[in-house]
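Q: This is the structure I want to talk about, given as structure tokens.
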Amino acid sequence: MILLWIAVGGALGAIGRFGVSSWISERSSFSPLGTFVVNISGAFALGLFAGLGQHQFTFSTEISHLVATGVLGSYTTFSTLFYETFSLLEKDRNRAALLYAVGSQLTGVLAIVLGLGIAQLW
């Protein structure tokens, strides 16, 4: 049954990732921006969900798998981040590639911390 929860969440997360990433990318000249926004918002959402689970709510195993593993696991995508970094390097956009790769990692950690912190305020 847990696999069903993960599958449903995965479908929702993948659709969300496609929608958000496409919407951002259509409005930006920096093609990886959509993936960046998805990864950072997903990191924030995971931090918030984990923090709420630690401080406010008791989530069932099914809900935890649905949200954390399914939705947020398929919503965020490090494989795309790495591919886009590689694509920037191939185009000799080394500075942009470094900023994107390192900035994504640092901002992702800060988003987790922010989500956890906000959850503690509730």
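Within each chain, counting starts at residue 1; across the structure tokens, chains are named A, B, ... in the order shown, with ligands numbered 1 upward in that order.
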Identify, on the basis of only C-alpha atoms, every residue whose closest approach to Ser21 in chain A does not exceed 12 Å; exclude the query and any residue fewer than 4 positions from it along the same chain; express the result as a list in words.
A: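 The neighbour list is Gly13, Ala14, Ile15, Gly16, Arg17, Ser25, Glu26, Arg27, Ser28, Phe30, Ser31, Pro32, Leu33, Gly34, Thr35, Phe36, Val37, Val38, Asn39, Ile40, Ser41, Gly42, Tyr75, Thr76, Thr77, Thr80 and Leu81 of chain A.
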Q: Could you name the residues that touch Leu48 in chain A at 7 Å or less, counting only C-alpha atoms, but leaving out those on the same chain fewer than 6 positions away, as a ChimeraX atom specification?
A: /A:115-116,118-119
Q: With only C-alpha atoms as the counted atoms, please give the residues lying no more than 6 Å from range 64-69 of chain A, apart from itself and same-chain residues fewer than 5 positions off, as number ranges by chain.
A: A: 5-6, 9
